[in-house]
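The structure file structure38.cif is reproduced below (mmCIF, C-alpha atoms and all ligand atoms).
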data_run
loop_
_atom_site.group_PDB
_atom_site.id
_atom_site.type_symbol
_atom_site.label_atom_id
_atom_site.label_comp_id
_atom_site.auth_asym_id
_atom_site.auth_seq_id
_atom_site.Cartn_x
_atom_site.Cartn_y
_atom_site.Cartn_z
ATOM 1 C CA MET A 141 119.881 -53.819 -141.310
ATOM 2 C CA LYS A 142 118.659 -51.073 -139.013
ATOM 3 C CA ILE A 143 117.169 -51.521 -135.569
ATOM 4 C CA ARG A 144 113.989 -49.493 -135.508
ATOM 5 C CA LYS A 145 112.107 -50.760 -132.490
ATOM 6 C CA VAL A 146 112.756 -50.882 -128.786
ATOM 7 C CA VAL A 147 110.682 -52.785 -126.275
ATOM 8 C CA ILE A 148 110.497 -51.047 -122.900
ATOM 9 C CA PRO A 149 108.728 -53.230 -120.313
ATOM 10 C CA VAL A 150 107.041 -51.025 -117.726
ATOM 11 C CA ALA A 151 104.341 -53.319 -116.324
ATOM 12 C CA GLY A 152 106.097 -54.400 -113.102
ATOM 13 C CA TRP A 153 105.000 -53.482 -109.585
ATOM 14 C CA GLY A 154 108.128 -51.591 -108.559
ATOM 15 C CA THR A 155 108.067 -53.070 -105.080
ATOM 16 C CA ARG A 156 111.647 -51.980 -104.343
ATOM 17 C CA SER A 157 110.558 -48.367 -104.647
ATOM 18 C CA LEU A 158 107.481 -48.533 -102.388
ATOM 19 C CA PRO A 159 105.787 -46.595 -100.870
ATOM 20 C CA ALA A 160 106.596 -43.993 -103.576
ATOM 21 C CA THR A 161 105.279 -46.383 -106.234
ATOM 22 C CA LYS A 162 101.957 -47.209 -104.567
ATOM 23 C CA ASN A 163 100.149 -45.185 -107.249
ATOM 24 C CA VAL A 164 102.920 -43.492 -109.226
ATOM 25 C CA PRO A 165 104.706 -45.837 -111.657
ATOM 26 C CA LYS A 166 108.397 -46.124 -110.807
ATOM 27 C CA GLU A 167 109.176 -45.164 -114.409
ATOM 28 C CA MET A 168 107.499 -41.802 -113.718
ATOM 29 C CA LEU A 169 109.544 -40.980 -110.622
ATOM 30 C CA PRO A 170 111.541 -37.897 -111.576
ATOM 31 C CA VAL A 171 115.286 -37.810 -111.885
ATOM 32 C CA TYR A 172 116.034 -34.095 -111.643
ATOM 33 C CA LYS A 173 113.345 -32.554 -113.915
ATOM 34 C CA LYS A 174 112.240 -35.492 -116.051
ATOM 35 C CA PRO A 175 110.596 -38.847 -115.364
ATOM 36 C CA THR A 176 113.060 -41.729 -115.433
ATOM 37 C CA VAL A 177 111.471 -43.306 -118.507
ATOM 38 C CA GLN A 178 112.098 -40.174 -120.565
ATOM 39 C CA TYR A 179 115.875 -40.646 -120.228
ATOM 40 C CA VAL A 180 115.471 -44.179 -121.554
ATOM 41 C CA VAL A 181 113.373 -43.075 -124.523
ATOM 42 C CA GLU A 182 115.891 -40.287 -125.243
ATOM 43 C CA GLU A 183 118.722 -42.830 -125.224
ATOM 44 C CA ALA A 184 116.788 -44.945 -127.743
ATOM 45 C CA MET A 185 116.031 -41.923 -129.898
ATOM 46 C CA GLN A 186 119.710 -40.914 -130.040
ATOM 47 C CA THR A 187 120.488 -44.235 -131.744
ATOM 48 C CA GLY A 188 117.936 -43.736 -134.510
ATOM 49 C CA ILE A 189 115.216 -45.926 -133.025
ATOM 50 C CA THR A 190 111.848 -44.630 -134.193
ATOM 51 C CA ASP A 191 109.311 -46.925 -132.512
ATOM 52 C CA VAL A 192 108.943 -47.484 -128.787
ATOM 53 C CA VAL A 193 106.873 -50.464 -127.701
ATOM 54 C CA PHE A 194 105.788 -50.067 -124.089
ATOM 55 C CA VAL A 195 104.672 -53.277 -122.441
ATOM 56 C CA ASN A 196 102.284 -51.873 -119.900
ATOM 57 C CA ASN A 197 99.420 -52.709 -117.553
ATOM 58 C CA GLN A 198 96.095 -51.000 -116.974
ATOM 59 C CA ASN A 199 97.265 -48.984 -113.947
ATOM 60 C CA LYS A 200 100.201 -47.216 -115.589
ATOM 61 C CA ARG A 201 98.673 -45.508 -118.632
ATOM 62 C CA ILE A 202 100.166 -42.251 -117.417
ATOM 63 C CA ILE A 203 103.455 -43.451 -118.969
ATOM 64 C CA GLU A 204 102.192 -43.379 -122.537
ATOM 65 C CA ASP A 205 100.321 -40.148 -121.797
ATOM 66 C CA HIS A 206 103.662 -38.525 -120.977
ATOM 67 C CA PHE A 207 104.737 -39.104 -124.599
ATOM 68 C CA ASP A 208 101.511 -37.663 -126.028
ATOM 69 C CA TYR A 209 100.331 -34.070 -126.446
ATOM 70 C CA ASN A 210 98.642 -32.394 -123.478
ATOM 71 C CA LEU A 211 96.642 -29.811 -125.387
ATOM 72 C CA ALA A 212 95.036 -28.201 -122.335
ATOM 73 C CA LEU A 213 98.429 -27.612 -120.728
ATOM 74 C CA GLU A 214 99.881 -26.355 -124.008
ATOM 75 C CA ALA A 215 97.039 -23.807 -124.285
ATOM 76 C CA VAL A 216 97.810 -22.554 -120.777
ATOM 77 C CA LEU A 217 101.538 -22.236 -121.515
ATOM 78 C CA GLU A 218 100.737 -20.433 -124.767
ATOM 79 C CA ARG A 219 98.487 -17.957 -122.923
ATOM 80 C CA MET A 220 101.217 -17.380 -120.356
ATOM 81 C CA GLY A 221 103.729 -16.756 -123.138
ATOM 82 C CA ASN A 222 106.009 -19.449 -121.681
ATOM 83 C CA LYS A 223 107.463 -20.460 -125.038
ATOM 84 C CA GLU A 224 110.423 -22.329 -123.645
ATOM 85 C CA MET A 225 108.349 -24.708 -121.521
ATOM 86 C CA LEU A 226 105.774 -25.049 -124.278
ATOM 87 C CA GLN A 227 108.495 -26.287 -126.594
ATOM 88 C CA GLU A 228 109.896 -28.602 -123.931
ATOM 89 C CA VAL A 229 106.487 -30.138 -123.258
ATOM 90 C CA ARG A 230 105.666 -30.545 -126.966
ATOM 91 C CA LYS A 231 109.063 -32.028 -127.768
ATOM 92 C CA VAL A 232 108.328 -35.062 -125.604
ATOM 93 C CA ALA A 233 105.249 -35.892 -127.687
ATOM 94 C CA GLN A 234 107.226 -35.628 -130.903
ATOM 95 C CA MET A 235 110.172 -37.838 -129.994
ATOM 96 C CA VAL A 236 109.099 -41.251 -131.217
ATOM 97 C CA ASN A 237 106.097 -43.342 -132.249
ATOM 98 C CA ILE A 238 104.536 -45.001 -129.239
ATOM 99 C CA ILE A 239 103.004 -48.447 -129.462
ATOM 100 C CA THR A 240 101.510 -49.966 -126.347
ATOM 101 C CA VAL A 241 100.878 -53.626 -125.707
ATOM 102 C CA ARG A 242 99.269 -54.988 -122.574
ATOM 103 C CA GLN A 243 100.786 -57.488 -120.207
ATOM 104 C CA LYS A 244 97.593 -58.659 -118.556
ATOM 105 C CA GLU A 245 99.321 -60.578 -115.774
ATOM 106 C CA GLN A 246 102.711 -59.672 -114.351
ATOM 107 C CA LEU A 247 104.470 -62.936 -115.152
ATOM 108 C CA GLY A 248 108.011 -61.601 -115.366
ATOM 109 C CA LEU A 249 110.386 -59.706 -117.650
ATOM 110 C CA GLY A 250 110.610 -62.586 -120.165
ATOM 111 C CA HIS A 251 106.835 -62.733 -120.388
ATOM 112 C CA ALA A 252 106.710 -58.944 -120.864
ATOM 113 C CA VAL A 253 109.125 -59.186 -123.823
ATOM 114 C CA LEU A 254 107.057 -62.028 -125.288
ATOM 115 C CA CYS A 255 103.978 -59.774 -125.187
ATOM 116 C CA ALA A 256 105.680 -57.607 -127.854
ATOM 117 C CA LYS A 257 106.132 -60.494 -130.316
ATOM 118 C CA GLU A 258 103.323 -59.506 -132.715
ATOM 119 C CA VAL A 259 104.608 -55.941 -132.951
ATOM 120 C CA ILE A 260 108.249 -56.906 -133.478
ATOM 121 C CA LYS A 261 107.540 -59.568 -136.123
ATOM 122 C CA ASP A 262 110.813 -60.700 -137.755
ATOM 123 C CA GLU A 263 113.267 -57.855 -137.106
ATOM 124 C CA PRO A 264 116.127 -57.548 -134.603
ATOM 125 C CA PHE A 265 115.061 -55.229 -131.800
ATOM 126 C CA ALA A 266 116.309 -53.557 -128.652
ATOM 127 C CA VAL A 267 115.065 -54.103 -125.112
ATOM 128 C CA MET A 268 115.701 -51.416 -122.525
ATOM 129 C CA VAL A 269 114.782 -51.605 -118.866
ATOM 130 C CA GLY A 270 114.038 -48.260 -117.317
ATOM 131 C CA ASP A 271 115.773 -48.940 -114.019
ATOM 132 C CA ASP A 272 119.203 -48.504 -115.533
ATOM 133 C CA LEU A 273 120.244 -45.051 -116.686
ATOM 134 C CA LEU A 274 123.511 -44.694 -118.612
ATOM 135 C CA PHE A 275 125.271 -41.404 -119.330
ATOM 136 C CA ASP A 276 128.562 -39.727 -120.147
ATOM 137 C CA HIS A 277 129.298 -41.818 -123.210
ATOM 138 C CA GLU A 278 127.678 -42.750 -126.486
ATOM 139 C CA PRO A 279 124.195 -44.200 -125.776
ATOM 140 C CA GLY A 280 124.438 -47.621 -124.092
ATOM 141 C CA ILE A 281 122.078 -49.292 -126.520
ATOM 142 C CA LYS A 282 124.121 -47.977 -129.474
ATOM 143 C CA GLN A 283 127.246 -49.657 -128.079
ATOM 144 C CA LEU A 284 125.365 -52.988 -128.340
ATOM 145 C CA MET A 285 123.745 -52.340 -131.718
ATOM 146 C CA GLU A 286 127.053 -51.919 -133.503
ATOM 147 C CA VAL A 287 128.268 -55.322 -132.288
ATOM 148 C CA ALA A 288 124.900 -57.039 -132.872
ATOM 149 C CA LEU A 289 124.780 -55.843 -136.463
ATOM 150 C CA THR A 290 128.400 -56.624 -137.368
ATOM 151 C CA GLU A 291 128.389 -60.053 -135.668
ATOM 152 C CA ASN A 292 124.747 -60.804 -136.542
ATOM 153 C CA MET A 293 124.102 -62.081 -133.012
ATOM 154 C CA PRO A 294 121.999 -61.117 -129.987
ATOM 155 C CA VAL A 295 123.993 -59.023 -127.488
ATOM 156 C CA VAL A 296 123.512 -58.202 -123.800
ATOM 157 C CA GLY A 297 124.958 -55.171 -122.031
ATOM 158 C CA VAL A 298 127.075 -55.815 -118.928
ATOM 159 C CA VAL A 299 129.008 -53.856 -116.342
ATOM 160 C CA ASP A 300 131.688 -54.979 -113.909
ATOM 161 C CA VAL A 301 130.281 -54.940 -110.363
ATOM 162 C CA PRO A 302 132.055 -55.415 -107.033
ATOM 163 C CA ARG A 303 131.982 -59.114 -106.084
ATOM 164 C CA GLU A 304 129.991 -58.401 -102.901
ATOM 165 C CA LYS A 305 127.133 -57.078 -105.077
ATOM 166 C CA VAL A 306 126.831 -59.969 -107.567
ATOM 167 C CA SER A 307 123.825 -61.415 -105.727
ATOM 168 C CA ARG A 308 121.690 -58.534 -107.076
ATOM 169 C CA TYR A 309 122.295 -59.425 -110.742
ATOM 170 C CA GLY A 310 122.348 -62.014 -113.501
ATOM 171 C CA ILE A 311 126.062 -62.847 -113.752
ATOM 172 C CA LEU A 312 127.768 -64.152 -116.894
ATOM 173 C CA GLN A 313 130.134 -66.968 -117.537
ATOM 174 C CA ALA A 314 131.894 -65.586 -120.596
ATOM 175 C CA GLU A 315 135.102 -65.447 -122.636
ATOM 176 C CA GLU A 316 136.537 -62.168 -123.871
ATOM 177 C CA PHE A 317 137.160 -62.401 -127.647
ATOM 178 C CA ALA A 318 138.008 -58.728 -128.238
ATOM 179 C CA PRO A 319 138.455 -55.833 -125.786
ATOM 180 C CA ASP A 320 135.227 -55.559 -123.741
ATOM 181 C CA MET A 321 133.409 -58.087 -125.958
ATOM 182 C CA TYR A 322 132.490 -61.557 -124.743
ATOM 183 C CA ARG A 323 131.075 -64.852 -125.947
ATOM 184 C CA VAL A 324 128.523 -65.868 -123.359
ATOM 185 C CA ARG A 325 128.735 -69.506 -122.255
ATOM 186 C CA GLY A 326 126.195 -69.379 -119.447
ATOM 187 C CA MET A 327 124.814 -67.247 -116.635
ATOM 188 C CA MET A 328 123.704 -67.442 -113.014
ATOM 189 C CA GLU A 329 120.784 -65.474 -111.614
ATOM 190 C CA LYS A 330 121.697 -63.649 -108.363
ATOM 191 C CA PRO A 331 124.567 -65.967 -107.298
ATOM 192 C CA ARG A 332 126.353 -65.854 -103.936
ATOM 193 C CA PRO A 333 129.716 -64.027 -104.261
ATOM 194 C CA GLU A 334 131.649 -67.277 -103.803
ATOM 195 C CA ASP A 335 129.649 -69.051 -106.557
ATOM 196 C CA ALA A 336 129.679 -66.277 -109.182
ATOM 197 C CA PRO A 337 131.462 -67.278 -112.418
ATOM 198 C CA SER A 338 132.585 -63.642 -112.957
ATOM 199 C CA THR A 339 131.687 -60.128 -111.897
ATOM 200 C CA LEU A 340 130.080 -59.257 -115.248
ATOM 201 C CA ALA A 341 126.517 -58.256 -114.438
ATOM 202 C CA MET A 342 123.707 -57.863 -116.945
ATOM 203 C CA VAL A 343 122.086 -54.457 -116.855
ATOM 204 C CA GLY A 344 118.930 -53.505 -118.692
ATOM 205 C CA ARG A 345 120.191 -53.206 -122.273
ATOM 206 C CA TYR A 346 119.757 -55.929 -124.888
ATOM 207 C CA VAL A 347 119.700 -56.270 -128.659
ATOM 208 C CA LEU A 348 117.754 -59.393 -129.519
ATOM 209 C CA THR A 349 116.536 -61.274 -132.558
ATOM 210 C CA PRO A 350 113.107 -62.911 -132.924
ATOM 211 C CA GLU A 351 114.661 -66.309 -132.013
ATOM 212 C CA ILE A 352 114.227 -65.223 -128.375
ATOM 213 C CA PHE A 353 110.436 -65.518 -128.747
ATOM 214 C CA THR A 354 110.615 -69.237 -129.559
ATOM 215 C CA HIS A 355 112.677 -69.811 -126.406
ATOM 216 C CA LEU A 356 110.339 -67.675 -124.280
ATOM 217 C CA GLU A 357 107.286 -69.520 -125.581
ATOM 218 C CA ASN A 358 108.773 -72.884 -124.681
ATOM 219 C CA LEU A 359 109.986 -71.929 -121.214
ATOM 220 C CA ALA A 360 108.371 -73.308 -118.103
ATOM 221 C CA PRO A 361 107.916 -70.706 -115.339
ATOM 222 C CA GLY A 362 111.206 -70.257 -113.453
ATOM 223 C CA LYS A 363 112.094 -68.439 -110.229
ATOM 224 C CA GLY A 364 109.005 -66.992 -108.496
ATOM 225 C CA GLY A 365 106.684 -68.638 -111.057
ATOM 226 C CA GLU A 366 107.770 -66.035 -113.622
ATOM 227 C CA ILE A 367 108.945 -66.380 -117.226
ATOM 228 C CA GLN A 368 112.493 -65.110 -116.872
ATOM 229 C CA LEU A 369 114.314 -63.386 -119.724
ATOM 230 C CA THR A 370 117.542 -64.775 -118.237
ATOM 231 C CA ASP A 371 116.340 -68.363 -118.805
ATOM 232 C CA ALA A 372 115.753 -67.669 -122.507
ATOM 233 C CA LEU A 373 119.154 -65.942 -122.782
ATOM 234 C CA GLN A 374 120.707 -68.976 -121.126
ATOM 235 C CA LEU A 375 119.324 -71.125 -123.986
ATOM 236 C CA LEU A 376 120.850 -68.752 -126.558
ATOM 237 C CA ALA A 377 124.186 -68.998 -124.717
ATOM 238 C CA LYS A 378 124.032 -72.823 -124.860
ATOM 239 C CA GLU A 379 123.608 -72.557 -128.643
ATOM 240 C CA ASN A 380 126.619 -70.176 -128.818
ATOM 241 C CA ARG A 381 124.228 -67.484 -129.997
ATOM 242 C CA LEU A 382 124.861 -64.773 -127.411
ATOM 243 C CA LEU A 383 127.485 -62.051 -127.057
ATOM 244 C CA ALA A 384 128.033 -59.461 -124.341
ATOM 245 C CA VAL A 385 129.525 -55.986 -124.453
ATOM 246 C CA LYS A 386 130.904 -54.134 -121.449
ATOM 247 C CA LEU A 387 129.065 -50.828 -121.424
ATOM 248 C CA LYS A 388 131.008 -47.615 -121.083
ATOM 249 C CA GLY A 389 129.651 -44.644 -119.203
ATOM 250 C CA ARG A 390 128.205 -43.774 -115.829
ATOM 251 C CA ARG A 391 125.339 -45.969 -114.655
ATOM 252 C CA PHE A 392 122.591 -45.370 -112.114
ATOM 253 C CA ASP A 393 120.211 -48.127 -110.995
ATOM 254 C CA THR A 394 117.176 -46.030 -110.162
ATOM 255 C CA GLY A 395 115.491 -48.973 -108.409
ATOM 256 C CA ASP A 396 118.163 -48.569 -105.721
ATOM 257 C CA TRP A 397 117.574 -45.574 -103.452
ATOM 258 C CA VAL A 398 121.244 -44.543 -103.150
ATOM 259 C CA ASP A 399 121.680 -44.595 -106.938
ATOM 260 C CA TYR A 400 118.312 -42.906 -107.485
ATOM 261 C CA LEU A 401 119.212 -40.023 -105.178
ATOM 262 C CA SER A 402 122.731 -39.816 -106.626
ATOM 263 C CA ALA A 403 121.280 -39.534 -110.145
ATOM 264 C CA ASN A 404 119.152 -36.585 -109.031
ATOM 265 C CA ILE A 405 122.155 -34.827 -107.503
ATOM 266 C CA TYR A 406 124.335 -35.623 -110.532
ATOM 267 C CA PHE A 407 121.916 -33.859 -112.892
ATOM 268 C CA ALA A 408 121.157 -30.984 -110.571
ATOM 269 C CA LEU A 409 124.892 -30.300 -110.185
ATOM 270 C CA GLN A 410 125.113 -29.820 -113.957
ATOM 271 C CA ASP A 411 122.459 -27.106 -113.842
ATOM 272 C CA LYS A 412 124.305 -23.806 -113.396
ATOM 273 C CA ALA A 413 121.198 -22.207 -111.887
ATOM 274 C CA LEU A 414 121.164 -24.722 -109.029
ATOM 275 C CA ARG A 415 124.726 -25.844 -108.626
ATOM 276 C CA SER A 416 126.271 -23.504 -106.038
ATOM 277 C CA GLU A 417 123.194 -23.336 -103.791
ATOM 278 C CA LEU A 418 122.833 -27.105 -103.953
ATOM 279 C CA ILE A 419 126.479 -27.660 -103.007
ATOM 280 C CA GLU A 420 126.042 -25.292 -100.073
ATOM 281 C CA ASN A 421 122.921 -27.125 -98.923
ATOM 282 C CA LEU A 422 124.543 -30.521 -99.285
ATOM 283 C CA ARG A 423 127.538 -29.321 -97.239
ATOM 284 C CA SER A 424 125.250 -28.082 -94.485
ATOM 285 C CA LEU A 425 123.550 -31.489 -94.363
ATOM 286 C CA LEU A 426 126.817 -33.337 -93.777
ATOM 287 C CA PRO A 427 127.767 -33.835 -90.138
ATOM 288 C CA ALA A 428 130.850 -31.807 -89.155
ATOM 289 C CA SER A 429 133.915 -34.062 -89.026
HETATM 290 P P1 LIG B 1 111.961 -55.621 -112.150
HETATM 291 O O1 LIG B 1 111.748 -56.925 -111.509
HETATM 292 O O2 LIG B 1 113.199 -54.854 -111.867
HETATM 293 O O3 LIG B 1 110.778 -54.613 -111.881
HETATM 294 O O4 LIG B 1 111.749 -55.779 -113.710
HETATM 295 P P2 LIG B 1 109.614 -54.518 -110.915
HETATM 296 O O5 LIG B 1 108.930 -55.835 -110.744
HETATM 297 O O6 LIG B 1 108.773 -53.391 -111.381
HETATM 298 O O7 LIG B 1 110.368 -53.972 -109.654
HETATM 299 P P3 LIG B 1 110.675 -54.483 -108.211
HETATM 300 O O8 LIG B 1 111.824 -55.449 -108.341
HETATM 301 O O9 LIG B 1 109.388 -55.085 -107.704
HETATM 302 O O10 LIG B 1 111.031 -53.213 -107.500
HETATM 303 C C1 LIG B 1 112.486 -55.075 -114.692
HETATM 304 C C2 LIG B 1 111.551 -54.333 -115.630
HETATM 305 O O11 LIG B 1 110.607 -55.212 -116.193
HETATM 306 C C3 LIG B 1 109.292 -54.744 -116.018
HETATM 307 C C4 LIG B 1 109.336 -53.764 -114.861
HETATM 308 O O12 LIG B 1 108.365 -52.744 -115.019
HETATM 309 C C5 LIG B 1 110.761 -53.240 -114.926
HETATM 310 O O13 LIG B 1 110.854 -52.076 -115.702
HETATM 311 N N1 LIG B 1 108.415 -55.897 -115.766
HETATM 312 C C6 LIG B 1 108.715 -56.782 -114.792
HETATM 313 C C7 LIG B 1 107.291 -56.060 -116.550
HETATM 314 O O14 LIG B 1 107.001 -55.241 -117.450
HETATM 315 N N2 LIG B 1 106.463 -57.123 -116.298
HETATM 316 C C8 LIG B 1 106.738 -58.021 -115.326
HETATM 317 O O15 LIG B 1 105.951 -58.975 -115.173
HETATM 318 C C9 LIG B 1 107.876 -57.846 -114.554
#
Would you give me this structure, written as structure tokens?
Ligand code: UTP
Amino acid sequence: MKIRKVVIPVAGWGTRSLPATKNVPKEMLPVYKKPTVQYVVEEAMQTGITDVVFVNNQNKRIIEDHFDYNLALEAVLERMGNKEMLQEVRKVAQMVNIITVRQKEQLGLGHAVLCAKEVIKDEPFAVMVGDDLLFDHEPGIKQLMEVALTENMPVVGVVDVPREKVSRYGILQAEEFAPDMYRVRGMMEKPRPEDAPSTLAMVGRYVLTPEIFTHLENLAPGKGGEIQLTDALQLLAKENRLLAVKLKGRRFDTGDWVDYLSANIYFALQDKALRSELIENLRSLLPAS
């Protein structure tokens, strides 16, 4: 079976990235020359996913507009003879089919995924959270898909984090059954370093099956009054129905300012037109030692 659809929840408030996100969705903050969400959609596209389901709210329509044609702008670029940019701008509208569903109240990531139930129907599907960007290896979501399809199980993507940072993540209790593959036995949301059952942290990549919807529907609101995806995953783990895969590649958490800025520099350094001047500027910004 193929995985054709990805759910990308984008309806949150982005409070960690304020004041930048007062009116601009955090998913539209640029990393180098593209909005963050475009990297996520490109990752999905590279795995053969054809349909992107944005779970959105009424204030962030600009996200789906980014993946549509902008005919007025295209006419201007055509008149200017700027073929290269015209192609670049058009390409974004041609990447994937966009389906938007509304999350009318921001009741958490689990609730956002549940909003996509009627579009997903009875197929396995991917969930990708735009905060986490993964590069330098085969697409993160593809690494999960292969395992999900061969084992016929839902799979979450994890990375190893330093123990002092576990309190930022959902941390797994898991057993390794093959190199970098785990059976998930349980999980703790944002544990203290001394309580964490491991240092395997969930990042925003999942391949799920429709069974998750039944769990989400039956969940009582958890932490912060929200329907937490982690609580539904915990139920799958209790039924021995959840695997994890350690993701390979370089990861940036764009909701964290240091990682966000590092991601910008990382991409700019790969652009030959900018590289040497940028390095010079960065050097001049460092205090002399
Ligand atoms: P986060 O909790 O990281 O996002 O949710 P947030 O609420 O936007 O950000 P902060 O923590 O306040 O800075 C992970 C993803 O789930 C989406 C968010 O848009 C984000 O991409 N989300 C979260 C929803 O779509 N709906 C929600 O109710 C909550």
With 12 Å as the cut-off and only C-alpha atoms counted, what is the closest atom pair between each nearby residue of stretch 168-251 of chain A and stretch 350-358 of chain A? Distances in Å to one decimal, ordered by chain and number, as a Markdown table.
| residue | atom | partner | partner_atom | distance |
| --- | --- | --- | --- | --- |
| A:Leu247 | CA | A:Leu356 | CA | 11.8 |
| A:Gly248 | CA | A:Leu356 | CA | 11.0 |
| A:Leu249 | CA | A:Leu356 | CA | 10.4 |
| A:Gly250 | CA | A:Leu356 | CA | 6.6 |
| A:His251 | CA | A:Leu356 | CA | 7.2 |
Practice task
Pick out the closest residue to ligand LIG 1 (chain B) from this set: A:Lys173, A:Lys162, A:Lys282, A:Lys412. Count all atoms listed in the file.
Solution key: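 Selected residue with least distance to ligand LIG 1 (chain B): A:Lys162.
Rounded to one decimal, atom CA of A:Pro170 and atom CA of A:Phe407 lie 11.2 Å from each other.
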Handout entry: atom CA of A:Pro337 to atom CA of A:Lys305, straight-line distance in Å
Key =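 Spanning atom CA of A:Lys305 to atom CA of A:Pro337 is a straight-line distance of 13.3 Å.
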Exercise for the section: Identify, counting all atoms listed in the file, the protein, DNA and RNA residues located within 10 Å of ligand LIG 1 (chain B), and give them as a VMD selection string. Expected result: chain A and resid 147 to 158 161 165 to 167 177 194 to 197 200 242 to 253 255 268 to 272 343 to 344 366 to 369 393 to 396
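Nearest to A:Arg390 of all the residues A:Arg303, A:Lys257, A:His277, A:Arg423 is A:His277, based on only C-alpha atoms.
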Completion exercise
Correct to one decimal, the distance atom CA of A:Gly389-atom CA of A:Asp276 is 5.1 Å
Problem - Neighbour residues at most 6 Å from (128.7, -53.0, -123.7) (all atoms listed in the file) as a list in words - result: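 The residues that fall inside the cut-off are Gln283, Leu284, Gly297, Val298, Val385, Lys386 and Leu387 of chain A.
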Written as an mmCIF file with C-alpha atoms, keeping the file's coordinate frame, what is the full residue list that the PyMOL selection byres (((chain A and resi 144) around 7) and not hetatm) yields on the file shown?
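File produced: expr.cif:
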data_model
loop_
_atom_site.group_PDB
_atom_site.id
_atom_site.type_symbol
_atom_site.label_atom_id
_atom_site.label_comp_id
_atom_site.auth_asym_id
_atom_site.auth_seq_id
_atom_site.Cartn_x
_atom_site.Cartn_y
_atom_site.Cartn_z
ATOM 1 C CA LYS A 142 118.659 -51.073 -139.013
ATOM 2 C CA ILE A 143 117.169 -51.521 -135.569
ATOM 3 C CA LYS A 145 112.107 -50.760 -132.490
ATOM 4 C CA VAL A 146 112.756 -50.882 -128.786
ATOM 5 C CA ILE A 189 115.216 -45.926 -133.025
ATOM 6 C CA THR A 190 111.848 -44.630 -134.193
ATOM 7 C CA ASP A 191 109.311 -46.925 -132.512
ATOM 8 C CA PHE A 265 115.061 -55.229 -131.800
#
